[in-house]
$ cat coords36.cif   # mmCIF, C-alpha atoms
data_my_file
#
loop_
_atom_site.group_PDB
_atom_site.id
_atom_site.type_symbol
_atom_site.label_atom_id
_atom_site.label_comp_id
_atom_site.auth_asym_id
_atom_site.auth_seq_id
_atom_site.Cartn_x
_atom_site.Cartn_y
_atom_site.Cartn_z
ATOM 1 C CA MET A 49 -76.152 33.986 18.706
ATOM 2 C CA PRO A 50 -73.596 31.473 20.086
ATOM 3 C CA PRO A 51 -74.501 29.957 23.429
ATOM 4 C CA TYR A 52 -72.781 31.405 26.501
ATOM 5 C CA ASN A 53 -70.922 28.153 27.270
ATOM 6 C CA LEU A 54 -69.395 28.037 23.785
ATOM 7 C CA ILE A 55 -68.148 31.617 24.064
ATOM 8 C CA LEU A 56 -66.653 30.812 27.479
ATOM 9 C CA LYS A 57 -64.881 27.754 26.089
ATOM 10 C CA ILE A 58 -63.440 29.793 23.222
ATOM 11 C CA LEU A 59 -62.244 32.521 25.602
ATOM 12 C CA ILE A 60 -60.462 29.893 27.686
ATOM 13 C CA ALA A 61 -59.135 27.790 24.813
ATOM 14 C CA LEU A 62 -57.622 30.628 22.780
ATOM 15 C CA PRO A 63 -55.155 31.957 25.388
ATOM 16 C CA LEU A 64 -54.301 28.439 26.553
ATOM 17 C CA GLY A 65 -53.678 27.363 22.986
ATOM 18 C CA LEU A 66 -51.531 30.402 22.320
ATOM 19 C CA PHE A 67 -49.476 29.823 25.463
ATOM 20 C CA LEU A 68 -49.019 26.162 24.499
ATOM 21 C CA PHE A 69 -47.817 27.253 21.057
ATOM 22 C CA VAL A 70 -45.293 29.716 22.546
ATOM 23 C CA PHE A 71 -44.158 27.115 25.097
ATOM 24 C CA ILE A 72 -43.530 24.509 22.388
ATOM 25 C CA LEU A 73 -41.721 27.106 20.273
ATOM 26 C CA LEU A 74 -39.451 28.038 23.190
ATOM 27 C CA VAL A 75 -38.728 24.422 24.125
ATOM 28 C CA ARG A 76 -37.894 23.649 20.508
ATOM 29 C CA ASN A 77 -35.362 26.476 20.477
ATOM 30 C CA THR A 78 -33.584 25.126 23.575
ATOM 31 C CA TYR A 79 -32.537 22.127 21.436
ATOM 32 C CA LEU A 80 -29.984 23.631 19.076
ATOM 33 C CA PRO A 81 -28.189 21.901 16.211
ATOM 34 C CA ARG A 82 -24.723 20.861 17.368
ATOM 35 C CA TYR A 83 -22.022 22.013 14.978
ATOM 36 C CA SER A 84 -18.738 20.134 14.759
ATOM 37 C CA LEU A 85 -15.469 21.927 15.411
ATOM 38 C CA SER A 86 -14.281 23.669 12.263
ATOM 39 C CA THR A 87 -10.694 24.209 13.415
ATOM 40 C CA THR A 88 -8.371 23.532 16.342
ATOM 41 C CA PRO A 89 -5.448 25.533 17.762
ATOM 42 C CA LYS A 90 -3.180 23.261 15.677
ATOM 43 C CA ASP A 91 -4.509 25.001 12.558
ATOM 44 C CA TYR A 92 -3.165 28.252 14.048
ATOM 45 C CA ASN A 93 0.185 26.670 14.964
ATOM 46 C CA ILE A 94 -0.679 26.978 18.643
ATOM 47 C CA PRO A 95 0.247 24.090 20.988
ATOM 48 C CA TYR A 96 -2.619 23.030 23.234
ATOM 49 C CA GLN A 97 -3.975 20.360 25.547
ATOM 50 C CA ASP A 98 -7.396 18.714 25.376
ATOM 51 C CA ILE A 99 -8.993 19.066 28.803
ATOM 52 C CA SER A 100 -12.276 18.199 30.475
ATOM 53 C CA PHE A 101 -13.974 19.002 33.747
ATOM 54 C CA LYS A 102 -17.344 18.434 35.367
ATOM 55 C CA THR A 103 -19.856 21.032 36.455
ATOM 56 C CA LYS A 104 -21.526 20.942 39.848
ATOM 57 C CA ASP A 105 -24.673 19.586 38.214
ATOM 58 C CA GLY A 106 -22.758 16.744 36.559
ATOM 59 C CA PHE A 107 -22.137 17.821 32.948
ATOM 60 C CA LEU A 108 -18.857 16.873 31.302
ATOM 61 C CA ILE A 109 -17.366 19.930 29.613
ATOM 62 C CA LYS A 110 -14.657 19.650 26.966
ATOM 63 C CA GLY A 111 -12.093 22.349 26.357
ATOM 64 C CA TRP A 112 -8.621 23.379 25.271
ATOM 65 C CA LEU A 113 -5.854 24.713 27.472
ATOM 66 C CA ILE A 114 -3.180 26.840 25.824
ATOM 67 C CA ILE A 115 -0.118 27.679 27.894
ATOM 68 C CA LYS A 116 2.146 30.372 26.477
ATOM 69 C CA ASP A 117 3.937 31.482 29.645
ATOM 70 C CA LYS A 118 3.089 29.890 32.985
ATOM 71 C CA GLU A 119 4.047 33.125 34.730
ATOM 72 C CA LYS A 120 1.395 35.145 32.879
ATOM 73 C CA PRO A 121 -2.378 35.530 33.491
ATOM 74 C CA VAL A 122 -5.065 33.272 32.012
ATOM 75 C CA ILE A 123 -7.890 34.442 29.751
ATOM 76 C CA ILE A 124 -11.043 32.297 29.631
ATOM 77 C CA LEU A 125 -12.778 32.611 26.255
ATOM 78 C CA LEU A 126 -16.570 32.189 26.116
ATOM 79 C CA HIS A 127 -18.338 31.558 22.807
ATOM 80 C CA GLY A 128 -21.866 32.554 21.848
ATOM 81 C CA LEU A 129 -25.154 30.689 21.494
ATOM 82 C CA GLY A 130 -25.120 27.924 18.888
ATOM 83 C CA ALA A 131 -21.349 28.163 18.398
ATOM 84 C CA ASN A 132 -18.394 26.309 19.935
ATOM 85 C CA LYS A 133 -14.837 26.900 21.077
ATOM 86 C CA SER A 134 -13.410 26.785 17.554
ATOM 87 C CA ASP A 135 -15.395 29.946 16.756
ATOM 88 C CA VAL A 136 -13.276 32.045 19.126
ATOM 89 C CA LEU A 137 -9.880 30.834 17.916
ATOM 90 C CA ASP A 138 -9.163 34.124 16.142
ATOM 91 C CA PHE A 139 -9.324 35.811 19.546
ATOM 92 C CA ALA A 140 -7.171 33.074 21.065
ATOM 93 C CA GLN A 141 -4.549 33.657 18.396
ATOM 94 C CA PHE A 142 -3.942 37.332 19.121
ATOM 95 C CA LEU A 143 -4.131 36.822 22.891
ATOM 96 C CA TYR A 144 -1.589 34.012 22.569
ATOM 97 C CA SER A 145 0.634 36.367 20.585
ATOM 98 C CA ALA A 146 0.284 38.831 23.475
ATOM 99 C CA SER A 147 1.707 36.110 25.792
ATOM 100 C CA PHE A 148 -1.502 35.234 27.645
ATOM 101 C CA ASN A 149 -2.444 31.709 28.641
ATOM 102 C CA ILE A 150 -5.893 30.693 27.412
ATOM 103 C CA LEU A 151 -8.657 28.341 28.474
ATOM 104 C CA MET A 152 -11.542 27.820 26.065
ATOM 105 C CA PHE A 153 -14.390 25.336 26.274
ATOM 106 C CA ASP A 154 -17.743 24.339 24.813
ATOM 107 C CA PHE A 155 -20.802 25.274 26.834
ATOM 108 C CA ARG A 156 -23.194 22.413 27.611
ATOM 109 C CA ALA A 157 -25.108 21.198 24.552
ATOM 110 C CA HIS A 158 -22.471 22.827 22.316
ATOM 111 C CA GLY A 159 -19.441 21.444 20.509
ATOM 112 C CA GLU A 160 -17.937 18.429 22.278
ATOM 113 C CA SER A 161 -19.518 19.004 25.693
ATOM 114 C CA ARG A 162 -22.326 16.875 27.071
ATOM 115 C CA GLY A 163 -25.920 17.984 27.342
ATOM 116 C CA MET A 164 -28.917 18.382 25.088
ATOM 117 C CA VAL A 165 -30.491 21.651 26.232
ATOM 118 C CA THR A 166 -29.314 25.250 26.269
ATOM 119 C CA SER A 167 -30.774 27.762 28.710
ATOM 120 C CA PHE A 168 -29.332 30.821 26.894
ATOM 121 C CA GLY A 169 -26.944 31.592 29.754
ATOM 122 C CA LEU A 170 -28.624 30.739 33.036
ATOM 123 C CA LEU A 171 -27.340 27.175 33.485
ATOM 124 C CA GLU A 172 -24.247 27.796 31.362
ATOM 125 C CA GLU A 173 -22.885 29.988 34.161
ATOM 126 C CA ARG A 174 -22.172 26.691 35.940
ATOM 127 C CA ASP A 175 -19.938 25.665 33.037
ATOM 128 C CA LEU A 176 -17.832 28.785 33.519
ATOM 129 C CA GLU A 177 -17.662 28.126 37.255
ATOM 130 C CA GLY A 178 -16.365 24.636 36.446
ATOM 131 C CA ALA A 179 -13.652 26.192 34.271
ATOM 132 C CA ILE A 180 -12.618 28.525 37.102
ATOM 133 C CA GLU A 181 -12.428 25.559 39.496
ATOM 134 C CA TYR A 182 -10.340 23.682 36.933
ATOM 135 C CA LEU A 183 -7.820 26.534 36.809
ATOM 136 C CA GLU A 184 -7.720 26.735 40.590
ATOM 137 C CA SER A 185 -6.833 23.027 40.711
ATOM 138 C CA ASN A 186 -4.174 23.233 37.995
ATOM 139 C CA PRO A 187 -0.731 23.382 39.672
ATOM 140 C CA LEU A 188 0.736 25.485 36.861
ATOM 141 C CA LEU A 189 -1.992 28.135 36.781
ATOM 142 C CA LYS A 190 -3.836 28.048 40.113
ATOM 143 C CA ASP A 191 -2.306 31.292 41.416
ATOM 144 C CA LYS A 192 -2.495 33.261 38.197
ATOM 145 C CA MET A 193 -4.760 36.236 37.566
ATOM 146 C CA ILE A 194 -7.852 35.428 35.498
ATOM 147 C CA GLY A 195 -9.594 37.468 32.838
ATOM 148 C CA LEU A 196 -12.800 36.725 30.941
ATOM 149 C CA PHE A 197 -13.518 37.437 27.293
ATOM 150 C CA GLY A 198 -17.052 36.543 26.208
ATOM 151 C CA ILE A 199 -19.067 37.209 23.074
ATOM 152 C CA SER A 200 -22.869 37.492 22.816
ATOM 153 C CA MET A 201 -24.318 34.898 25.255
ATOM 154 C CA GLY A 202 -20.790 34.287 26.515
ATOM 155 C CA GLY A 203 -20.485 37.994 27.272
ATOM 156 C CA ALA A 204 -23.676 37.991 29.335
ATOM 157 C CA ILE A 205 -22.397 34.996 31.300
ATOM 158 C CA ALA A 206 -19.033 36.721 31.823
ATOM 159 C CA ILE A 207 -20.720 39.746 33.414
ATOM 160 C CA VAL A 208 -23.026 37.782 35.710
ATOM 161 C CA ALA A 209 -20.330 35.318 36.803
ATOM 162 C CA GLY A 210 -17.678 38.010 37.070
ATOM 163 C CA ALA A 211 -19.864 39.988 39.450
ATOM 164 C CA SER A 212 -19.861 37.121 41.959
ATOM 165 C CA HIS A 213 -16.328 35.803 41.458
ATOM 166 C CA PRO A 214 -13.712 38.224 42.832
ATOM 167 C CA GLU A 215 -10.917 36.058 41.411
ATOM 168 C CA ILE A 216 -11.923 37.421 37.994
ATOM 169 C CA LYS A 217 -9.902 40.621 37.670
ATOM 170 C CA ALA A 218 -10.783 41.965 34.204
ATOM 171 C CA ILE A 219 -13.657 41.311 31.796
ATOM 172 C CA VAL A 220 -14.105 42.018 28.078
ATOM 173 C CA VAL A 221 -17.536 41.449 26.540
ATOM 174 C CA ASP A 222 -18.541 41.801 22.912
ATOM 175 C CA SER A 223 -22.271 42.229 22.145
ATOM 176 C CA PRO A 224 -23.780 40.757 25.338
ATOM 177 C CA TYR A 225 -27.478 40.936 26.074
ATOM 178 C CA VAL A 226 -28.476 43.176 28.978
ATOM 179 C CA ASP A 227 -31.073 40.923 30.571
ATOM 180 C CA LEU A 228 -32.235 37.336 29.987
ATOM 181 C CA ASP A 229 -35.929 38.245 30.005
ATOM 182 C CA GLU A 230 -35.368 41.102 27.553
ATOM 183 C CA SER A 231 -33.373 38.770 25.314
ATOM 184 C CA VAL A 232 -36.164 36.175 25.303
ATOM 185 C CA ILE A 233 -38.660 38.897 24.357
ATOM 186 C CA THR A 234 -36.394 40.289 21.616
ATOM 187 C CA HIS A 235 -35.746 36.897 20.043
ATOM 188 C CA THR A 236 -39.443 35.984 20.235
ATOM 189 C CA LYS A 237 -40.155 39.093 18.160
ATOM 190 C CA MET A 238 -37.465 38.040 15.684
ATOM 191 C CA ILE A 239 -39.050 34.589 15.295
ATOM 192 C CA LEU A 240 -42.630 35.911 15.352
ATOM 193 C CA PRO A 241 -42.472 39.462 13.953
ATOM 194 C CA LEU A 242 -45.881 40.505 15.243
ATOM 195 C CA PRO A 243 -46.788 43.854 16.864
ATOM 196 C CA TRP A 244 -47.850 42.208 20.127
ATOM 197 C CA ASN A 245 -45.455 42.677 23.035
ATOM 198 C CA TRP A 246 -47.364 40.198 25.164
ATOM 199 C CA LEU A 247 -46.128 37.305 23.000
ATOM 200 C CA GLY A 248 -42.658 37.980 24.383
ATOM 201 C CA ARG A 249 -44.079 38.075 27.900
ATOM 202 C CA LEU A 250 -45.684 34.705 27.242
ATOM 203 C CA ALA A 251 -42.279 33.426 26.123
ATOM 204 C CA VAL A 252 -40.739 34.605 29.413
ATOM 205 C CA MET A 253 -43.474 32.755 31.313
ATOM 206 C CA ALA A 254 -42.803 29.679 29.174
ATOM 207 C CA TYR A 255 -39.065 29.955 29.904
ATOM 208 C CA ARG A 256 -39.684 30.095 33.663
ATOM 209 C CA LEU A 257 -41.954 27.086 33.451
ATOM 210 C CA ARG A 258 -39.451 25.216 31.241
ATOM 211 C CA PHE A 259 -36.543 25.737 33.648
ATOM 212 C CA LEU A 260 -38.535 26.167 36.875
ATOM 213 C CA THR A 261 -36.664 29.320 37.778
ATOM 214 C CA ASP A 262 -37.047 33.078 38.042
ATOM 215 C CA SER A 263 -35.225 34.214 34.907
ATOM 216 C CA SER A 264 -35.250 37.848 36.053
ATOM 217 C CA LYS A 265 -32.370 37.012 38.397
ATOM 218 C CA PHE A 266 -30.029 36.404 35.451
ATOM 219 C CA SER A 267 -29.419 39.970 34.409
ATOM 220 C CA PRO A 268 -26.086 41.515 33.382
ATOM 221 C CA LEU A 269 -27.692 44.946 33.764
ATOM 222 C CA LYS A 270 -28.577 44.297 37.408
ATOM 223 C CA THR A 271 -25.250 42.706 38.330
ATOM 224 C CA ILE A 272 -22.594 44.625 36.377
ATOM 225 C CA SER A 273 -22.190 47.255 39.104
ATOM 226 C CA ARG A 274 -20.816 44.563 41.433
ATOM 227 C CA ILE A 275 -17.769 44.027 39.203
ATOM 228 C CA SER A 276 -16.246 47.317 40.395
ATOM 229 C CA PRO A 277 -13.519 48.045 41.526
ATOM 230 C CA ARG A 278 -12.472 45.386 39.013
ATOM 231 C CA THR A 279 -12.831 46.529 35.432
ATOM 232 C CA VAL A 280 -15.041 45.767 32.449
ATOM 233 C CA PHE A 281 -14.666 46.651 28.760
ATOM 234 C CA ILE A 282 -17.864 46.600 26.666
ATOM 235 C CA ILE A 283 -17.675 46.296 22.873
ATOM 236 C CA ASN A 284 -20.685 46.504 20.557
ATOM 237 C CA GLY A 285 -21.438 47.066 16.921
ATOM 238 C CA ALA A 286 -22.854 50.535 16.311
ATOM 239 C CA ARG A 287 -25.322 48.974 13.830
ATOM 240 C CA ASP A 288 -26.200 45.837 15.805
ATOM 241 C CA ASP A 289 -29.973 45.306 15.639
ATOM 242 C CA ARG A 290 -29.880 42.257 17.917
ATOM 243 C CA MET A 291 -27.772 43.478 20.846
ATOM 244 C CA ARG A 292 -28.390 47.176 20.321
ATOM 245 C CA PRO A 293 -25.735 49.857 20.916
ATOM 246 C CA GLU A 294 -28.112 51.676 23.250
ATOM 247 C CA ASP A 295 -28.185 48.526 25.393
ATOM 248 C CA ALA A 296 -24.382 48.519 25.496
ATOM 249 C CA LYS A 297 -24.623 52.099 26.773
ATOM 250 C CA ARG A 298 -27.104 50.976 29.441
ATOM 251 C CA LEU A 299 -24.586 48.390 30.615
ATOM 252 C CA TYR A 300 -21.795 50.948 30.576
ATOM 253 C CA ASP A 301 -23.850 53.458 32.570
ATOM 254 C CA ALA A 302 -24.747 50.793 35.150
ATOM 255 C CA ALA A 303 -21.136 49.623 35.587
ATOM 256 C CA GLY A 304 -18.869 51.073 38.237
ATOM 257 C CA GLU A 305 -15.405 52.451 37.571
ATOM 258 C CA PRO A 306 -13.069 51.564 35.959
ATOM 259 C CA LYS A 307 -14.927 50.796 32.726
ATOM 260 C CA GLU A 308 -14.580 51.232 28.984
ATOM 261 C CA LEU A 309 -16.995 51.274 26.037
ATOM 262 C CA TRP A 310 -16.276 50.932 22.323
ATOM 263 C CA LEU A 311 -19.047 51.133 19.727
ATOM 264 C CA VAL A 312 -17.530 49.882 16.485
ATOM 265 C CA GLU A 313 -18.712 52.047 13.594
ATOM 266 C CA GLY A 314 -20.512 50.215 10.805
ATOM 267 C CA ALA A 315 -20.511 46.870 12.639
ATOM 268 C CA GLY A 316 -23.533 44.635 13.063
ATOM 269 C CA HIS A 317 -23.838 41.778 15.535
ATOM 270 C CA LEU A 318 -20.368 40.378 16.343
ATOM 271 C CA GLU A 319 -18.848 42.203 13.376
ATOM 272 C CA GLY A 320 -16.530 44.412 15.414
ATOM 273 C CA TYR A 321 -13.486 42.185 14.936
ATOM 274 C CA SER A 322 -13.989 41.649 11.207
ATOM 275 C CA ASN A 323 -14.609 45.377 10.648
ATOM 276 C CA ALA A 324 -11.557 46.615 12.549
ATOM 277 C CA PRO A 325 -9.275 43.647 13.331
ATOM 278 C CA GLY A 326 -6.101 45.619 14.021
ATOM 279 C CA GLU A 327 -7.764 48.119 16.354
ATOM 280 C CA TYR A 328 -9.776 45.339 18.010
ATOM 281 C CA GLU A 329 -6.669 43.303 18.809
ATOM 282 C CA LYS A 330 -4.801 46.344 20.096
ATOM 283 C CA LYS A 331 -7.666 47.453 22.357
ATOM 284 C CA VAL A 332 -8.473 44.023 23.819
ATOM 285 C CA ALA A 333 -4.893 42.850 24.351
ATOM 286 C CA GLY A 334 -3.953 46.276 25.715
ATOM 287 C CA PHE A 335 -6.883 46.220 28.123
ATOM 288 C CA PHE A 336 -5.846 42.866 29.577
ATOM 289 C CA LYS A 337 -2.199 43.927 29.806
ATOM 290 C CA GLU A 338 -3.252 47.042 31.707
ATOM 291 C CA TYR A 339 -5.540 45.369 34.229
ATOM 292 C CA LEU A 340 -4.068 41.882 34.649
ATOM 293 C CA LYS A 341 -0.802 42.800 36.311
#

$ encode --input "coords36.cif" --output "structure tokens"
Amino acid sequence: MPPYNLILKILIALPLGLFLFVFILLVRNTYLPRYSLSTTPKDYNIPYQDISFKTKDGFLIKGWLIIKDKEKPVIILLHGLGANKSDVLDFAQFLYSASFNILMFDFRAHGESRGMVTSFGLLEERDLEGAIEYLESNPLLKDKMIGLFGISMGGAIAIVAGASHPEIKAIVVDSPYVDLDESVITHTKMILPLPWNWLGRLAVMAYRLRFLTDSSKFSPLKTISRISPRTVFIINGARDDRMRPEDAKRLYDAAGEPKELWLVEGAGHLEGYSNAPGEYEKKVAGFFKEYLK
């Protein structure tokens, strides 16, 4: 029979070792590969300006400013995790055709922006705030109405930031997560497909230790109601197994009026545009035309 002290050491070492493993796994996933820009607005025959601005915590953010009509509103486009601003150029193209001005940028640790670490949305909210401040300082656009269009992580950031920035008048989100903690748990299960929910809880604890913050405060689900009486349009794939359609419905139910929801039939994660491009463009451009006036 093993001695009592050995059993005690094993009981202590096992959970500590498991937590250390989950912590290292989480930290590793905050350092994403940085993909180069695949295209620029020039490839879409869209004139643009290279811009940059600094966040309040000192990160240099690189972006593109597209001015179609200086009398019209501005849409800020927000890409998803592991992507960059070139990945949302298809959206920029149809919004440009609808006569909107556009600002698009790389979140920290993505594309051409500075930084090494992603926080999956929490710190990236500061990047969006820097973009809003940039627009407010631009003499051509400082008085124009602002809309947000974010996908996946960018959509979650759009909801949280939009709730606390009344200058944002209309928000479109495609496949956002409902809550940072829930997203960490979900993606832990995707990386470690084990039937133990507490591994995800360990990952949340590891996240809070990694960033020294209470991640429960970054929650689109808890903040979306504060967007009203401004409006939000939620888009989600009806077959998305990452950002589930039932979670999109939770966001919709929590939002105040006015609000819209579109579950794109047959679409998986971020497949709504490729599945129904014509309808997608009509709905999104029409939404902004209706509420940014």

$ resolve_selection --input "coords36.cif" --expression "the PyMOL selection byres ((chain A and resi 189-204) around 6)" --output "number ranges by chain"
A: 121-129, 183-188, 205-207, 216-225, 268

$ atom_distance --input "coords36.cif" --atom1 "atom CA of A:Phe153" --atom2 "atom CA of A:Pro306"
28.0 Å

$ atom_distance --input "coords36.cif" --atom1 "atom CA of A:Pro241" --atom2 "atom CA of A:Val226"
20.9 Å

$ atom_distance --input "coords36.cif" --atom1 "atom CA of A:Ala333" --atom2 "atom CA of A:Ile150"
12.6 Å

$ closest_residue --input "coords36.cif" --among "A:Ser212, A:Ser86, A:Ser273, A:Thr103" --to "A:Leu171" --atoms "all atoms listed in the file"
A:Thr103

$ residues_around --input "coords36.cif" --residues "A:Lys104" --least-positions-apart "5" --cutoff "10 Å" --atoms "all atoms listed in the file" --output "ChimeraX atom specification"
/A:174-175,177-178

$ closest_residue --input "coords36.cif" --among "A:Met253, A:Ala211, A:Leu318, A:Val232" --to "A:Pro277" --atoms "all atoms listed in the file"
A:Ala211

$ residues_around --input "coords36.cif" --residues "stretch 133-141 of chain A" --least-positions-apart "2" --cutoff "9 Å" --atoms "only C-alpha atoms" --output "PyMOL selection string"
chain A and resi 84-89+92+94+111-112+114+123+125-128+131+143-146+148+150-155+158-159+197+199+321+329

$ residues_around --input "coords36.cif" --residues "A:His317" --least-positions-apart "6" --cutoff "7 Å" --atoms "all atoms listed in the file" --output "PyMOL selection string"
chain A and resi 223+285+288+290-291

$ residues_near_point --input "coords36.cif" --point "(-24.8, 19.2, 30.6)" --cutoff "8 Å" --atoms "all atoms listed in the file" --output "compact mmCIF listing (two decimals) with C-alpha atoms, in the coordinates of the input"
# COMPACT_ATOMS: atom_id res chain seq x y z
CA THR A 103 -19.86 21.03 36.46
CA ASP A 105 -24.67 19.59 38.21
CA GLY A 106 -22.76 16.74 36.56
CA PHE A 107 -22.14 17.82 32.95
CA LEU A 108 -18.86 16.87 31.30
CA ILE A 109 -17.37 19.93 29.61
CA ARG A 156 -23.19 22.41 27.61
CA ALA A 157 -25.11 21.20 24.55
CA SER A 161 -19.52 19.00 25.69
CA ARG A 162 -22.33 16.88 27.07
CA GLY A 163 -25.92 17.98 27.34
CA MET A 164 -28.92 18.38 25.09
CA VAL A 165 -30.49 21.65 26.23

$ resolve_selection --input "coords36.cif" --expression "the PyMOL selection byres ((chain A and resi 303) around 9)" --output "NGL selection string"
:A and (269 or 271-276 or 279-280 or 298-302 or 304-307)

$ closest_residue --input "coords36.cif" --among "A:Gln97, A:Ser231, A:Asn245, A:Thr166" --to "A:Ser263" --atoms "all atoms listed in the file"
A:Ser231

$ closest_residue --input "coords36.cif" --among "A:Tyr96, A:Val312, A:Asp262, A:Asn132" --to "A:Lys116" --atoms "all atoms listed in the file"
A:Tyr96

$ decode --input "coords36.cif" --residues "stretch 126-140 of chain A" --atoms "N, CA, C and O atoms" --output "PDB file, in the first residue's frame"
ATOM      1  N   LEU A 126     -14.324  45.228 -38.993  1.00  0.00           N
ATOM      2  CA  LEU A 126     -13.530  44.537 -37.969  1.00  0.00           C
ATOM      3  C   LEU A 126     -13.387  43.064 -38.348  1.00  0.00           C
ATOM      4  O   LEU A 126     -14.388  42.328 -38.404  1.00  0.00           O
ATOM      5  N   HIS A 127     -12.154  42.641 -38.589  1.00  0.00           N
ATOM      6  CA  HIS A 127     -11.907  41.256 -39.005  1.00  0.00           C
ATOM      7  C   HIS A 127     -11.944  40.298 -37.817  1.00  0.00           C
ATOM      8  O   HIS A 127     -12.061  40.701 -36.656  1.00  0.00           O
ATOM      9  N   GLY A 128     -11.803  39.017 -38.104  1.00  0.00           N
ATOM     10  CA  GLY A 128     -11.859  37.993 -37.078  1.00  0.00           C
ATOM     11  C   GLY A 128     -10.481  37.575 -36.575  1.00  0.00           C
ATOM     12  O   GLY A 128      -9.449  38.068 -37.037  1.00  0.00           O
ATOM     13  N   LEU A 129     -10.477  36.648 -35.641  1.00  0.00           N
ATOM     14  CA  LEU A 129      -9.247  36.152 -35.029  1.00  0.00           C
ATOM     15  C   LEU A 129      -8.375  35.457 -36.069  1.00  0.00           C
ATOM     16  O   LEU A 129      -8.850  34.633 -36.860  1.00  0.00           O
ATOM     17  N   GLY A 130      -7.080  35.807 -36.084  1.00  0.00           N
ATOM     18  CA  GLY A 130      -6.135  35.164 -36.972  1.00  0.00           C
ATOM     19  C   GLY A 130      -6.181  35.669 -38.400  1.00  0.00           C
ATOM     20  O   GLY A 130      -5.460  35.160 -39.252  1.00  0.00           O
ATOM     21  N   ALA A 131      -7.013  36.666 -38.668  1.00  0.00           N
ATOM     22  CA  ALA A 131      -7.151  37.208 -40.023  1.00  0.00           C
ATOM     23  C   ALA A 131      -6.484  38.586 -40.084  1.00  0.00           C
ATOM     24  O   ALA A 131      -5.664  38.938 -39.238  1.00  0.00           O
ATOM     25  N   ASN A 132      -6.824  39.376 -41.083  1.00  0.00           N
ATOM     26  CA  ASN A 132      -6.352  40.754 -41.174  1.00  0.00           C
ATOM     27  C   ASN A 132      -7.318  41.546 -42.050  1.00  0.00           C
ATOM     28  O   ASN A 132      -8.315  41.005 -42.532  1.00  0.00           O
ATOM     29  N   LYS A 133      -7.010  42.816 -42.238  1.00  0.00           N
ATOM     30  CA  LYS A 133      -7.956  43.697 -42.927  1.00  0.00           C
ATOM     31  C   LYS A 133      -8.218  43.293 -44.367  1.00  0.00           C
ATOM     32  O   LYS A 133      -9.293  43.572 -44.906  1.00  0.00           O
ATOM     33  N   SER A 134      -7.284  42.611 -45.009  1.00  0.00           N
ATOM     34  CA  SER A 134      -7.530  42.196 -46.395  1.00  0.00           C
ATOM     35  C   SER A 134      -8.639  41.145 -46.480  1.00  0.00           C
ATOM     36  O   SER A 134      -9.247  40.968 -47.535  1.00  0.00           O
ATOM     37  N   ASP A 135      -8.920  40.460 -45.369  1.00  0.00           N
ATOM     38  CA  ASP A 135      -9.939  39.416 -45.378  1.00  0.00           C
ATOM     39  C   ASP A 135     -11.362  39.962 -45.370  1.00  0.00           C
ATOM     40  O   ASP A 135     -12.315  39.187 -45.528  1.00  0.00           O
ATOM     41  N   VAL A 136     -11.530  41.259 -45.164  1.00  0.00           N
ATOM     42  CA  VAL A 136     -12.873  41.838 -45.180  1.00  0.00           C
ATOM     43  C   VAL A 136     -13.057  42.797 -46.358  1.00  0.00           C
ATOM     44  O   VAL A 136     -13.973  43.623 -46.369  1.00  0.00           O
ATOM     45  N   LEU A 137     -12.195  42.673 -47.367  1.00  0.00           N
ATOM     46  CA  LEU A 137     -12.285  43.560 -48.520  1.00  0.00           C
ATOM     47  C   LEU A 137     -13.529  43.296 -49.377  1.00  0.00           C
ATOM     48  O   LEU A 137     -14.035  44.218 -50.024  1.00  0.00           O
ATOM     49  N   ASP A 138     -14.034  42.076 -49.380  1.00  0.00           N
ATOM     50  CA  ASP A 138     -15.267  41.821 -50.121  1.00  0.00           C
ATOM     51  C   ASP A 138     -16.416  42.657 -49.552  1.00  0.00           C
ATOM     52  O   ASP A 138     -17.254  43.188 -50.293  1.00  0.00           O
ATOM     53  N   PHE A 139     -16.453  42.772 -48.223  1.00  0.00           N
ATOM     54  CA  PHE A 139     -17.467  43.600 -47.581  1.00  0.00           C
ATOM     55  C   PHE A 139     -17.236  45.075 -47.904  1.00  0.00           C
ATOM     56  O   PHE A 139     -18.179  45.825 -48.155  1.00  0.00           O
ATOM     57  N   ALA A 140     -15.964  45.477 -47.883  1.00  0.00           N
ATOM     58  CA  ALA A 140     -15.635  46.870 -48.204  1.00  0.00           C
ATOM     59  C   ALA A 140     -16.096  47.218 -49.614  1.00  0.00           C
ATOM     60  O   ALA A 140     -16.583  48.324 -49.868  1.00  0.00           O
TER      61      ALA A 140
END
